[in-house]
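A.B. asks: What follows is upload-v8.cif; its format and atoms are mmCIF, C-alpha atoms.
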```cif
data_upload
#
loop_
_atom_site.label_atom_id
_atom_site.label_comp_id
_atom_site.auth_asym_id
_atom_site.auth_seq_id
_atom_site.Cartn_x
_atom_site.Cartn_y
_atom_site.Cartn_z
CA MET R 29 -30.07 5.29 28.41
CA GLU R 30 -27.98 8.21 29.72
CA LEU R 31 -29.77 8.05 33.08
CA GLN R 32 -29.06 4.33 33.41
CA ALA R 33 -25.39 4.88 32.57
CA ALA R 34 -25.19 7.87 34.96
CA ASN R 35 -23.85 9.77 31.99
CA ILE R 36 -25.64 13.08 32.47
CA PHE R 37 -24.69 16.70 33.16
CA TYR R 38 -26.37 19.36 35.26
CA TYR R 39 -29.88 19.84 33.87
CA LEU R 40 -29.48 23.55 33.15
CA THR R 41 -26.58 22.85 30.75
CA TYR R 42 -28.81 21.11 28.18
CA GLU R 43 -30.24 23.04 25.25
CA GLY R 44 -33.88 24.06 25.78
CA ALA R 45 -33.91 23.13 29.47
CA VAL R 46 -35.07 26.62 30.49
CA ASP R 47 -36.47 29.65 28.68
CA LEU R 48 -35.02 32.75 30.29
CA ASP R 49 -37.15 35.14 28.19
CA THR R 50 -40.38 33.93 29.76
CA MET R 51 -39.21 34.22 33.37
CA GLU R 52 -40.82 37.06 35.30
CA ASP R 53 -38.94 36.58 38.59
CA GLU R 54 -35.74 38.59 38.15
CA LEU R 55 -34.09 36.98 41.17
CA GLN R 56 -34.69 33.47 39.87
CA ARG R 57 -33.59 34.49 36.39
CA SER R 58 -30.33 35.94 37.74
CA ALA R 59 -29.68 32.80 39.79
CA ILE R 60 -30.22 30.51 36.79
CA GLU R 61 -27.96 32.68 34.60
CA ASP R 62 -25.23 32.37 37.26
CA GLN R 63 -25.63 28.58 37.31
CA ILE R 64 -25.48 28.36 33.50
CA ALA R 65 -22.35 30.52 33.51
CA ASN R 66 -20.81 28.24 36.14
CA PHE R 67 -21.64 24.88 34.54
CA GLY R 68 -21.33 25.83 30.85
CA GLN R 69 -23.42 24.32 28.05
CA THR R 70 -23.65 20.72 26.91
CA PRO R 71 -23.11 20.41 23.10
CA ILE R 72 -26.18 19.99 20.96
CA GLN R 73 -27.01 16.34 20.18
CA ILE R 74 -25.72 15.42 16.71
CA PHE R 75 -26.66 11.77 16.30
CA ARG R 76 -30.16 10.36 16.89
CA LYS R 77 -29.14 6.70 16.60
CA LYS R 78 -26.28 4.51 17.73
CA HIS R 79 -22.89 4.89 16.12
CA PRO R 80 -21.93 2.02 13.79
CA ARG R 81 -19.62 -0.57 15.32
CA ARG R 82 -15.97 0.25 14.75
CA GLY R 83 -14.46 -1.93 12.04
CA PRO R 84 -11.17 -3.81 12.31
CA PRO R 85 -8.09 -1.57 12.13
CA ILE R 86 -6.55 -1.36 8.66
CA PRO R 87 -2.82 -0.60 8.93
CA ILE R 88 -1.94 2.10 6.42
CA ALA R 89 0.86 4.18 7.86
CA ARG R 90 4.10 2.15 7.74
CA PRO R 91 2.64 -1.36 7.51
CA LEU R 92 6.13 -2.91 7.41
CA CYS R 93 6.77 -1.58 10.89
CA PHE R 94 3.41 -2.09 12.54
CA ALA R 95 1.64 -4.85 10.58
CA PRO R 96 3.88 -6.69 8.08
CA ASP R 97 1.37 -9.53 7.82
CA SER R 98 -1.09 -7.14 6.14
CA ILE R 99 1.05 -7.12 2.97
CA ASN R 100 0.28 -9.91 0.49
CA LEU R 101 0.24 -10.62 -3.22
CA SER R 102 -2.79 -8.72 -4.52
CA SER R 103 -2.51 -8.77 -8.31
CA ILE R 104 -0.48 -10.08 -11.23
CA VAL R 105 -0.13 -7.91 -14.31
CA SER R 106 0.77 -10.14 -17.24
CA SER R 107 2.48 -9.20 -20.47
CA THR R 108 0.47 -9.56 -23.68
CA SER R 109 3.49 -9.27 -25.94
CA HIS R 110 4.01 -12.06 -28.49
CA SER R 111 7.56 -12.43 -27.18
CA PRO R 112 7.52 -11.45 -23.48
CA SER R 113 10.84 -10.17 -22.15
CA ALA R 114 12.21 -9.88 -18.63
CA VAL R 115 11.56 -6.71 -16.66
CA LEU R 116 15.00 -5.20 -16.01
CA TYR R 117 13.94 -2.20 -13.96
CA VAL R 118 10.86 -1.01 -12.11
CA GLY R 119 10.59 2.30 -10.27
CA THR R 120 7.90 4.65 -9.03
CA LEU R 121 7.63 8.37 -9.59
CA ASP R 122 4.74 10.17 -7.89
CA SER R 123 1.70 8.35 -9.31
CA ASN R 124 3.56 6.57 -12.13
CA ILE R 125 5.37 3.24 -12.55
CA VAL R 126 8.43 3.23 -14.82
CA LEU R 127 9.31 -0.09 -16.48
CA VAL R 128 12.27 -1.09 -18.64
CA ASN R 129 12.18 -4.50 -20.31
CA GLN R 130 14.89 -6.61 -21.91
CA GLY R 131 15.72 -5.13 -25.27
CA LEU R 132 15.54 -1.64 -23.74
CA THR R 133 11.80 -1.09 -24.05
CA LEU R 134 10.53 1.75 -21.85
CA SER R 135 6.93 2.14 -20.67
CA VAL R 136 5.23 4.26 -17.99
CA LYS R 137 1.98 3.26 -16.28
CA MET R 138 -0.34 4.78 -13.71
CA TRP R 139 0.08 3.65 -10.09
CA LEU R 140 -3.42 3.48 -8.64
CA THR R 141 -4.01 4.05 -4.95
CA THR R 142 -7.09 4.79 -2.88
CA GLN R 143 -5.68 8.26 -2.28
CA LEU R 144 -5.75 8.91 -6.02
CA GLN R 145 -9.25 7.52 -6.32
CA SER R 146 -10.79 9.59 -3.54
CA GLY R 147 -8.41 12.53 -3.41
CA GLY R 148 -8.27 12.23 0.36
CA ASN R 149 -6.06 10.79 3.03
CA PHE R 150 -5.19 7.14 3.47
CA THR R 151 -8.20 6.24 5.59
CA PHE R 152 -10.71 3.60 4.62
CA SER R 153 -14.25 3.01 5.85
CA SER R 154 -15.36 -0.49 6.80
CA PHE R 155 -17.10 -0.76 3.44
CA GLN R 156 -14.20 0.44 1.30
CA GLU R 157 -11.52 -2.01 0.24
CA PRO R 158 -7.98 -0.66 -0.11
CA LEU R 159 -7.00 -0.36 -3.76
CA PHE R 160 -3.46 -0.51 -5.04
CA GLY R 161 -2.90 -1.50 -8.62
CA VAL R 162 -1.53 -0.80 -12.08
CA GLY R 163 -3.58 1.46 -14.31
CA TYR R 164 -3.48 2.67 -17.89
CA ASP R 165 -0.42 3.54 -20.00
CA VAL R 166 0.97 7.02 -19.45
CA LEU R 167 3.70 6.31 -22.01
CA SER R 168 3.29 3.35 -24.36
CA ALA R 169 6.16 0.90 -24.83
CA ARG R 170 9.00 2.19 -27.02
CA LYS R 171 12.65 1.47 -27.71
CA ILE R 172 15.26 3.62 -26.01
CA ALA R 173 19.05 4.12 -25.93
CA SER R 174 21.91 3.04 -28.16
CA PRO R 175 23.06 -0.53 -28.93
CA LEU R 176 24.61 -2.29 -25.97
CA ALA R 177 28.30 -2.93 -25.52
CA GLU R 178 29.53 -6.50 -25.74
CA ASN R 179 29.42 -8.68 -22.61
CA VAL R 180 27.33 -6.13 -20.68
CA GLU R 181 24.80 -7.69 -18.33
CA LEU R 182 21.93 -5.25 -18.02
CA GLY R 183 20.11 -4.98 -14.72
CA ALA R 184 18.46 -2.50 -12.39
CA GLN R 185 21.88 -0.99 -11.64
CA CYS R 186 21.96 0.39 -15.20
CA PHE R 187 18.90 2.63 -14.70
CA ALA R 188 17.79 5.40 -12.35
CA ILE R 189 14.93 7.90 -12.20
CA LEU R 190 15.75 11.59 -11.97
CA GLN R 191 12.97 14.01 -11.01
CA ALA R 192 13.76 17.59 -12.00
CA ARG R 193 11.79 20.77 -11.34
CA THR R 194 9.50 20.56 -14.35
CA GLU R 195 10.15 17.13 -15.88
CA SER R 196 11.26 13.60 -15.02
CA PHE R 197 13.95 11.55 -16.72
CA LEU R 198 15.35 8.03 -16.93
CA ILE R 199 19.13 7.67 -16.74
CA SER R 200 20.38 4.72 -18.81
CA CYS R 201 23.84 3.23 -19.37
CA GLY R 202 25.62 0.16 -20.74
CA ASN R 203 25.82 1.25 -24.39
CA TRP R 204 28.77 0.74 -26.72
CA GLU R 205 29.78 4.42 -26.93
CA ASN R 206 30.79 4.61 -23.23
CA SER R 207 28.14 7.20 -22.42
CA PHE R 208 25.10 7.53 -20.21
CA GLN R 209 21.86 8.85 -21.63
CA VAL R 210 19.08 11.04 -20.24
CA ILE R 211 15.63 10.06 -21.54
CA SER R 212 12.46 12.08 -21.00
CA LEU R 213 9.70 10.10 -19.31
CA SER R 214 7.02 12.28 -20.90
CA ASP R 215 7.72 11.21 -24.49
CA GLY R 216 10.63 8.71 -24.42
CA ARG R 217 12.93 11.13 -26.25
CA MET R 218 16.66 11.13 -25.52
CA VAL R 219 17.51 14.67 -24.40
CA GLN R 220 21.19 14.22 -23.52
CA SER R 221 24.06 11.79 -24.04
CA THR R 222 27.26 12.37 -22.08
CA ARG R 223 30.54 10.62 -22.72
CA GLN R 224 33.37 11.18 -20.27
CA HIS R 225 34.28 7.69 -19.09
CA LYS R 226 37.02 5.85 -20.97
CA ASP R 227 35.11 2.58 -20.98
CA VAL R 228 31.53 1.29 -20.73
CA VAL R 229 29.37 2.89 -18.02
CA SER R 230 28.24 -0.05 -15.89
CA CYS R 231 25.97 1.47 -13.21
CA VAL R 232 24.25 4.71 -12.19
CA ALA R 233 22.74 6.14 -9.01
CA VAL R 234 20.82 9.36 -8.22
CA THR R 235 20.59 11.04 -4.82
CA ASP R 236 17.14 11.14 -3.20
CA ASP R 237 16.80 14.88 -3.76
CA GLY R 238 17.84 14.58 -7.41
CA SER R 239 20.75 17.03 -7.09
CA PHE R 240 23.59 14.62 -7.99
CA LEU R 241 24.15 11.69 -10.31
CA ALA R 242 26.91 9.10 -9.84
CA THR R 243 28.17 6.82 -12.62
CA GLY R 244 30.48 3.81 -12.38
CA SER R 245 32.44 2.33 -15.26
CA TYR R 246 34.56 -0.49 -16.56
CA ASP R 247 37.43 2.03 -16.39
CA THR R 248 37.36 1.52 -12.55
CA THR R 249 36.40 5.13 -11.82
CA VAL R 250 33.29 6.75 -10.38
CA MET R 251 32.16 10.15 -11.65
CA VAL R 252 29.83 12.48 -9.77
CA TRP R 253 27.69 14.87 -11.84
CA GLU R 254 25.71 17.94 -10.88
CA VAL R 255 22.08 18.01 -11.99
CA LEU R 256 21.40 21.42 -13.53
CA ARG R 257 17.60 21.16 -13.35
CA ALA R 258 17.44 19.72 -9.83
CA ARG R 259 14.38 20.34 -7.66
CA THR R 260 16.47 20.95 -4.55
CA THR R 261 16.29 24.34 -2.87
CA GLU R 262 19.80 23.99 -1.44
CA LYS R 263 22.45 26.40 -2.62
CA ARG R 264 24.71 24.80 -5.20
CA VAL R 265 28.25 23.93 -4.22
CA ARG R 266 29.57 25.77 -7.24
CA ASN R 267 28.42 27.39 -10.46
CA THR R 268 29.94 25.73 -13.48
CA PRO R 269 30.43 27.41 -16.87
CA THR R 270 28.23 24.67 -18.30
CA GLU R 271 25.34 25.75 -16.09
CA LEU R 272 25.59 29.29 -17.37
CA ALA R 273 26.08 28.46 -21.04
CA ARG R 274 23.90 25.40 -21.55
CA LYS R 275 20.59 25.91 -19.76
CA ASP R 276 18.98 23.17 -21.84
CA TYR R 277 21.20 20.44 -20.38
CA VAL R 278 19.85 18.25 -17.57
CA ILE R 279 23.26 17.03 -16.38
CA ALA R 280 26.46 19.10 -16.40
CA GLU R 281 28.72 18.22 -19.34
CA THR R 282 31.79 17.75 -17.15
CA PRO R 283 31.94 15.70 -13.92
CA PHE R 284 31.83 17.35 -10.52
CA HIS R 285 34.29 14.74 -9.14
CA ILE R 286 36.26 11.81 -10.54
CA LEU R 287 36.73 9.22 -7.80
CA CYS R 288 39.35 6.47 -7.84
CA GLY R 289 40.32 3.58 -5.58
CA HIS R 290 39.18 0.42 -7.37
CA ASP R 291 41.21 -2.04 -9.44
CA ASP R 292 38.34 -3.57 -11.41
CA ILE R 293 34.90 -2.86 -12.92
CA ILE R 294 32.47 -0.80 -10.81
CA THR R 295 29.43 -3.05 -10.32
CA CYS R 296 27.17 -1.10 -7.93
CA LEU R 297 26.74 2.41 -6.55
CA CYS R 298 24.95 4.36 -3.85
CA ALA R 299 24.86 8.17 -3.49
CA SER R 300 23.39 9.94 -0.46
CA VAL R 301 23.08 13.65 0.30
CA GLU R 302 22.04 12.88 3.89
CA LEU R 303 25.18 10.85 4.54
CA ASP R 304 27.29 13.03 2.20
CA LEU R 305 28.69 9.83 0.71
CA VAL R 306 29.24 8.09 -2.59
CA ILE R 307 29.71 4.36 -1.95
CA SER R 308 30.95 2.18 -4.81
CA GLY R 309 31.29 -1.59 -5.08
CA SER R 310 33.59 -3.36 -7.50
CA LYS R 311 34.40 -6.67 -9.07
CA ASP R 312 37.63 -6.62 -7.04
CA GLY R 313 35.56 -7.18 -3.88
CA THR R 314 36.15 -3.74 -2.40
CA CYS R 315 33.65 -1.09 -1.32
CA VAL R 316 35.04 2.46 -1.30
CA PHE R 317 33.57 5.49 0.48
CA HIS R 318 34.04 9.08 -0.78
CA THR R 319 32.37 12.28 0.39
CA LEU R 320 29.76 13.47 -2.08
CA ARG R 321 30.38 17.21 -1.96
CA GLU R 322 34.19 17.27 -1.69
CA GLY R 323 35.12 13.97 -3.33
CA ARG R 324 37.43 13.09 -0.44
CA TYR R 325 38.37 9.46 0.24
CA VAL R 326 36.96 8.19 3.55
CA ARG R 327 37.52 4.43 3.88
CA SER R 328 37.36 1.07 2.16
CA LEU R 329 35.65 -2.20 3.01
CA CYS R 330 36.46 -5.63 1.64
CA HIS R 331 34.02 -8.46 1.13
CA PRO R 332 34.75 -11.09 3.84
CA SER R 333 35.61 -13.65 1.16
CA GLY R 334 36.99 -11.19 -1.37
CA ASN R 335 34.16 -11.95 -3.81
CA ALA R 336 32.99 -9.54 -6.50
CA LEU R 337 30.24 -7.29 -5.15
CA SER R 338 26.91 -7.56 -6.94
CA LYS R 339 24.56 -5.38 -4.89
CA LEU R 340 24.99 -2.50 -2.46
CA VAL R 341 22.53 -0.39 -0.45
CA ALA R 342 23.00 2.22 2.28
CA SER R 343 20.29 3.48 4.63
CA ARG R 344 19.92 7.03 5.90
CA HIS R 345 20.75 5.65 9.35
CA GLY R 346 24.26 4.66 8.25
CA ARG R 347 23.77 0.91 7.72
CA ILE R 348 25.38 -0.61 4.60
CA VAL R 349 24.51 -4.00 3.09
CA LEU R 350 26.81 -5.82 0.64
CA TYR R 351 25.84 -8.84 -1.44
CA ALA R 352 27.90 -11.08 -3.72
CA ASP R 353 26.52 -13.74 -6.05
CA GLU R 354 29.49 -16.02 -5.37
CA ASP R 355 28.80 -16.63 -1.68
CA LEU R 356 25.03 -15.89 -1.75
CA SER R 357 25.25 -14.00 1.55
CA LEU R 358 24.22 -10.59 2.82
CA HIS R 359 26.69 -8.65 4.97
CA LEU R 360 25.64 -5.75 7.21
CA TYR R 361 28.13 -3.01 8.11
CA SER R 362 27.99 0.23 10.05
CA ILE R 363 28.95 3.49 8.37
CA ASN R 364 32.24 3.28 10.29
CA GLY R 365 33.13 0.01 8.61
CA LYS R 366 32.28 -2.37 11.47
CA HIS R 367 30.90 -5.73 10.38
CA LEU R 368 27.60 -6.25 12.23
CA ALA R 369 25.93 -9.35 10.81
CA THR R 370 25.87 -11.93 8.03
CA SER R 371 22.90 -13.84 6.67
CA GLU R 372 22.57 -16.41 3.89
CA SER R 373 20.20 -15.50 1.08
CA ASN R 374 19.27 -19.13 0.24
CA GLY R 375 19.50 -18.44 -3.47
CA ARG R 376 20.69 -15.90 -6.01
CA LEU R 377 19.35 -12.40 -5.37
CA ASN R 378 18.53 -10.18 -8.34
CA CYS R 379 17.31 -7.23 -6.29
CA VAL R 380 18.26 -5.77 -2.92
CA GLU R 381 16.28 -2.65 -2.01
CA LEU R 382 15.48 -0.52 1.03
CA SER R 383 12.10 0.69 2.23
CA LYS R 384 11.58 4.46 2.02
CA CYS R 385 12.10 4.78 5.79
CA GLY R 386 15.40 2.91 5.52
CA GLU R 387 14.54 0.50 8.34
CA PHE R 388 13.83 -2.59 6.20
CA LEU R 389 15.79 -4.51 3.58
CA VAL R 390 13.71 -6.11 0.82
CA CYS R 391 15.32 -8.88 -1.26
CA ALA R 392 14.13 -11.12 -4.09
CA GLY R 393 15.62 -13.31 -6.78
CA ASP R 394 15.62 -16.64 -8.55
CA GLN R 395 13.72 -18.44 -5.78
CA GLY R 396 10.67 -16.24 -6.46
CA GLN R 397 10.26 -15.11 -2.85
CA ILE R 398 10.40 -11.63 -1.36
CA VAL R 399 12.16 -11.55 2.00
CA VAL R 400 11.94 -8.52 4.30
CA ARG R 401 14.62 -8.05 6.95
CA SER R 402 15.13 -5.53 9.72
CA MET R 403 18.10 -3.26 9.12
CA ASN R 404 18.65 -3.14 12.89
CA THR R 405 18.76 -6.85 13.73
CA PHE R 406 18.97 -8.42 10.22
CA ASP R 407 16.18 -10.77 11.30
CA ILE R 408 13.52 -11.82 8.79
CA VAL R 409 10.34 -9.79 9.34
CA LYS R 410 8.22 -11.15 6.50
CA ARG R 411 8.57 -13.80 3.80
CA LEU R 412 6.28 -13.42 0.79
CA ASN R 413 5.89 -16.41 -1.47
CA GLY R 414 5.62 -15.76 -5.19
CA VAL R 415 3.83 -17.72 -7.88
CA GLY R 416 6.76 -19.68 -9.25
CA LYS R 417 8.22 -16.74 -11.19
CA ILE R 418 11.84 -15.58 -11.08
CA ILE R 419 11.91 -12.00 -9.77
CA THR R 420 14.36 -9.83 -11.70
CA CYS R 421 13.74 -6.37 -10.19
CA LEU R 422 11.80 -4.77 -7.37
CA THR R 423 10.88 -1.44 -5.83
CA VAL R 424 9.22 -0.38 -2.57
CA THR R 425 6.60 2.37 -2.92
CA VAL R 426 6.00 5.18 -0.42
CA GLU R 427 2.92 3.27 0.79
CA GLU R 428 5.26 0.29 1.46
CA CYS R 429 3.79 -1.83 -1.30
CA PHE R 430 6.12 -3.98 -3.41
CA LEU R 431 6.25 -3.95 -7.21
CA ALA R 432 8.26 -6.89 -8.57
CA GLY R 433 9.19 -7.50 -12.21
CA THR R 434 9.67 -11.08 -13.37
CA LYS R 435 11.68 -12.93 -15.99
CA ASP R 436 8.57 -13.66 -18.06
CA GLY R 437 7.61 -9.97 -18.24
CA SER R 438 4.92 -9.97 -15.53
CA LEU R 439 4.55 -7.41 -12.76
CA LEU R 440 3.63 -8.64 -9.27
CA VAL R 441 1.87 -6.21 -6.91
CA TYR R 442 2.14 -6.85 -3.17
CA SER R 443 -0.09 -4.48 -1.24
CA ILE R 444 -1.99 -3.98 2.00
CA ASP R 445 -4.59 -6.69 2.42
CA ASN R 446 -7.62 -6.42 4.72
CA SER R 447 -8.22 -9.97 5.94
CA GLN R 448 -11.78 -9.11 7.03
CA LEU R 449 -12.69 -8.05 3.52
CA ARG R 450 -10.65 -10.68 1.72
CA LYS R 451 -11.38 -14.10 3.10
CA ALA R 452 -9.34 -15.59 0.28
CA SER R 453 -6.84 -13.24 -1.24
CA ILE R 454 -5.47 -15.26 -4.14
CA PRO R 455 -8.80 -16.36 -5.72
CA ARG R 456 -9.86 -12.70 -5.82
CA MET R 457 -6.75 -11.48 -7.61
CA LYS R 458 -7.56 -9.33 -10.58
CA SER R 459 -5.19 -9.77 -13.50
CA LYS R 460 -4.53 -7.01 -15.95
CA SER R 461 -2.32 -7.03 -18.96
CA PHE R 462 0.20 -4.74 -20.56
CA VAL R 463 2.27 -4.84 -23.69
CA SER R 464 6.03 -4.99 -23.39
CA GLY R 465 8.52 -4.98 -26.11
#
```
Would you write out, as structure tokens, the structure that this file holds?

C.D. replies:
Amino acid sequence: MELQAANIFYYLTYEGAVDLDTMEDELQRSAIEDQIANFGQTPIQIFRKKHPRRGPPIPIARPLCFAPDSINLSSIVSSTSHSPSAVLYVGTLDSNIVLVNQGLTLSVKMWLTTQLQSGGNFTFSSFQEPLFGVGYDVLSARKIASPLAENVELGAQCFAILQARTESFLISCGNWENSFQVISLSDGRMVQSTRQHKDVVSCVAVTDDGSFLATGSYDTTVMVWEVLRARTTEKRVRNTPTELARKDYVIAETPFHILCGHDDIITCLCASVELDLVISGSKDGTCVFHTLREGRYVRSLCHPSGNALSKLVASRHGRIVLYADEDLSLHLYSINGKHLATSESNGRLNCVELSKCGEFLVCAGDQGQIVVRSMNTFDIVKRLNGVGKIITCLTVTVEECFLAGTKDGSLLVYSIDNSQLRKASIPRMKSKSFVSG
């Protein structure tokens, strides 16, 4: 075969082609040694039969960017509760999924990936089907937090995950005592309750590195808090007396900054260490920028129609998206306040999230679809049809899978789908069940 393909090397380079020890002619032996030194040695043959045919490529690294069509609905996890309640919040933390249902029921479940199954990298053989799914309960469903304040509409904006050095926590707000609460995700125990706002705390946000927490309130102010057990290796901006005296606290007892500039309820927040910004949206239709570390006012944006802001996200690349329920439109701005694009949402959106890379906007709502847009062009990259369920919350995992909570308490898993292995994706969906409060 090699001879026919003219794929051969000089004959002396092959193993066993000549036995120098049995050669008696010193001149010939020296000549052959010189030729071997000149040509080198061909590697020993490893395989004795043909290599298997290469399988179809399975996009794993950044499928949203390189192969958005590989993401499809892969499983539906139904609630087995006698009175199913809407999923208000879903988030991921390492290999766990954190869920909060209506009625403030917290549960934590295992997020199953092929990497967890095999302990290796995200590479699949042609005989191994990618596996992403919901596993067993890490923390069974239990009630959390204090009674809610009147007329408070709970949503994903009322919760955030905080990952500290040794433990992880859920930040919760919206209760009647005008406080936010820190709840351990290992046992569901409330470890801290902080009350500094003069009215109900309406929304919370945590920086990606877990070093700062921002809270918005009905009192029209935003407070920035230092996390005392943060994982970050950065040097702290300041040492507070609280940090020295109360080592057991997760969040400092007094705010790092108190930010003003709104005339109505704070409805949405975003805090970024990379951008050094705290961006707040309000019912008055304004979006105000402050620096995170110094608390200095930067600029304000107004919704084009002056409508109350419902959702707000900011990418690490300095692109900001505003959404208002009243006009059902998404508005894209630059970090300098320039309006770049507008797009209709074609229905009420309950969740507006960014991919981990910050290059894609993922939206879902009452229409039951998940729509993925480019943060550069605002064009639709992928439209994922649901199963007739209203989507109430959503998160994008590091593998760029989607986990969507629904009004009836179900959890939809959208993951990488190998079309060669799955000729029909929906008939092969495996449904699991979990109990929600």

A.B. asks: Go ahead and compute the interatomic distance for CA of Glu381 in chain R and CA of Ala336 in chain R, in Å to one decimal.

C.D. replies: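 Distance between the two atoms: 18.6 Å.
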
A.B. asks: Taking the file as I've supplied it (selection: the PyMOL selection byres ((chain R and resi 46) around 12)), which residues are included? Please answer as a PDB file with C-alpha atoms, in the frame of the given file.

C.D. replies:
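Contents of expr.pdb, freshly written:
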```
ATOM      1  CA  TYR R  39     -29.880  19.840  33.870  1.00  0.00           C
ATOM      2  CA  LEU R  40     -29.480  23.550  33.150  1.00  0.00           C
ATOM      3  CA  THR R  41     -26.580  22.850  30.750  1.00  0.00           C
ATOM      4  CA  TYR R  42     -28.810  21.110  28.180  1.00  0.00           C
ATOM      5  CA  GLU R  43     -30.240  23.040  25.250  1.00  0.00           C
ATOM      6  CA  GLY R  44     -33.880  24.060  25.780  1.00  0.00           C
ATOM      7  CA  ALA R  45     -33.910  23.130  29.470  1.00  0.00           C
ATOM      8  CA  ASP R  47     -36.470  29.650  28.680  1.00  0.00           C
ATOM      9  CA  LEU R  48     -35.020  32.750  30.290  1.00  0.00           C
ATOM     10  CA  ASP R  49     -37.150  35.140  28.190  1.00  0.00           C
ATOM     11  CA  THR R  50     -40.380  33.930  29.760  1.00  0.00           C
ATOM     12  CA  MET R  51     -39.210  34.220  33.370  1.00  0.00           C
ATOM     13  CA  GLN R  56     -34.690  33.470  39.870  1.00  0.00           C
ATOM     14  CA  ARG R  57     -33.590  34.490  36.390  1.00  0.00           C
ATOM     15  CA  ILE R  60     -30.220  30.510  36.790  1.00  0.00           C
ATOM     16  CA  GLU R  61     -27.960  32.680  34.600  1.00  0.00           C
ATOM     17  CA  GLN R  63     -25.630  28.580  37.310  1.00  0.00           C
ATOM     18  CA  ILE R  64     -25.480  28.360  33.500  1.00  0.00           C
TER      19      ILE R  64
END
```

A.B. asks: Report as a list in words all protein, DNA and RNA residues lying within 7 Å of range 299-306 of chain R, evaluated on all atoms listed in the file, omitting residues in the same chain fewer than 5 positions from it.

C.D. replies: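 Neighbouring residues, sequence-local ones excluded: Ala233, Val234, Thr235, Asp236, Ala242, Phe317, His318, Thr319, Leu320, Arg321 and Arg344 of chain R.
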
A.B. asks: Which residues are close to Val136 in chain R, i.e. within 6 Å by all atoms listed in the file, leaving aside same-chain residues fewer than 4 positions away? Reply as a compact mmCIF listing (two decimals) with C-alpha atoms, in the coordinates of the input.

C.D. replies:
```txt
# COMPACT_ATOMS: atom_id res chain seq x y z
CA ILE R 125 5.37 3.24 -12.55
CA VAL R 126 8.43 3.23 -14.82
CA VAL R 166 0.97 7.02 -19.45
CA LEU R 167 3.70 6.31 -22.01
```

A.B. asks: Applied to this file, what does the PyMOL selection byres ((chain R and resi 137) around 12) return in terms of residues, put as a PDB file with C-alpha atoms, in the coordinates of the input?

C.D. replies:
```pdb
ATOM      1  CA  VAL R 105      -0.130  -7.910 -14.310  1.00  0.00           C
ATOM      2  CA  VAL R 118      10.860  -1.010 -12.110  1.00  0.00           C
ATOM      3  CA  GLY R 119      10.590   2.300 -10.270  1.00  0.00           C
ATOM      4  CA  THR R 120       7.900   4.650  -9.030  1.00  0.00           C
ATOM      5  CA  LEU R 121       7.630   8.370  -9.590  1.00  0.00           C
ATOM      6  CA  ASP R 122       4.740  10.170  -7.890  1.00  0.00           C
ATOM      7  CA  SER R 123       1.700   8.350  -9.310  1.00  0.00           C
ATOM      8  CA  ASN R 124       3.560   6.570 -12.130  1.00  0.00           C
ATOM      9  CA  ILE R 125       5.370   3.240 -12.550  1.00  0.00           C
ATOM     10  CA  VAL R 126       8.430   3.230 -14.820  1.00  0.00           C
ATOM     11  CA  LEU R 127       9.310  -0.090 -16.480  1.00  0.00           C
ATOM     12  CA  VAL R 128      12.270  -1.090 -18.640  1.00  0.00           C
ATOM     13  CA  LEU R 134      10.530   1.750 -21.850  1.00  0.00           C
ATOM     14  CA  SER R 135       6.930   2.140 -20.670  1.00  0.00           C
ATOM     15  CA  VAL R 136       5.230   4.260 -17.990  1.00  0.00           C
ATOM     16  CA  MET R 138      -0.340   4.780 -13.710  1.00  0.00           C
ATOM     17  CA  TRP R 139       0.080   3.650 -10.090  1.00  0.00           C
ATOM     18  CA  LEU R 140      -3.420   3.480  -8.640  1.00  0.00           C
ATOM     19  CA  GLY R 161      -2.900  -1.500  -8.620  1.00  0.00           C
ATOM     20  CA  VAL R 162      -1.530  -0.800 -12.080  1.00  0.00           C
ATOM     21  CA  GLY R 163      -3.580   1.460 -14.310  1.00  0.00           C
ATOM     22  CA  TYR R 164      -3.480   2.670 -17.890  1.00  0.00           C
ATOM     23  CA  ASP R 165      -0.420   3.540 -20.000  1.00  0.00           C
ATOM     24  CA  VAL R 166       0.970   7.020 -19.450  1.00  0.00           C
ATOM     25  CA  LEU R 167       3.700   6.310 -22.010  1.00  0.00           C
ATOM     26  CA  SER R 168       3.290   3.350 -24.360  1.00  0.00           C
ATOM     27  CA  ALA R 169       6.160   0.900 -24.830  1.00  0.00           C
ATOM     28  CA  LEU R 213       9.700  10.100 -19.310  1.00  0.00           C
ATOM     29  CA  SER R 214       7.020  12.280 -20.900  1.00  0.00           C
ATOM     30  CA  LEU R 439       4.550  -7.410 -12.760  1.00  0.00           C
ATOM     31  CA  SER R 461      -2.320  -7.030 -18.960  1.00  0.00           C
ATOM     32  CA  PHE R 462       0.200  -4.740 -20.560  1.00  0.00           C
ATOM     33  CA  VAL R 463       2.270  -4.840 -23.690  1.00  0.00           C
ATOM     34  CA  SER R 464       6.030  -4.990 -23.390  1.00  0.00           C
TER      35      SER R 464
END
```

A.B. asks: How many Å separate CA of Cys201 in chain R from CA of Arg223 in chain R?

C.D. replies: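 It comes out at 10.5 Å.
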
A.B. asks: Compare R:Phe187, R:Phe284, R:Tyr117, R:Tyr361 by their minimum atom-to-atom distance to Thr434 in chain R, counting only C-alpha atoms, and give me the closest one.

C.D. replies: R:Tyr117

A.B. asks: Can you pull out every residue within 9 Å of Leu356 in chain R, counting all atoms listed in the file, but drop anything in the same chain fewer than 4 positions away, and send it as a list in words?

C.D. replies: Tyr351, Ala352, Ser371, Glu372, Ser373, Asn374, Gly375, Arg376 and Leu377 of chain R
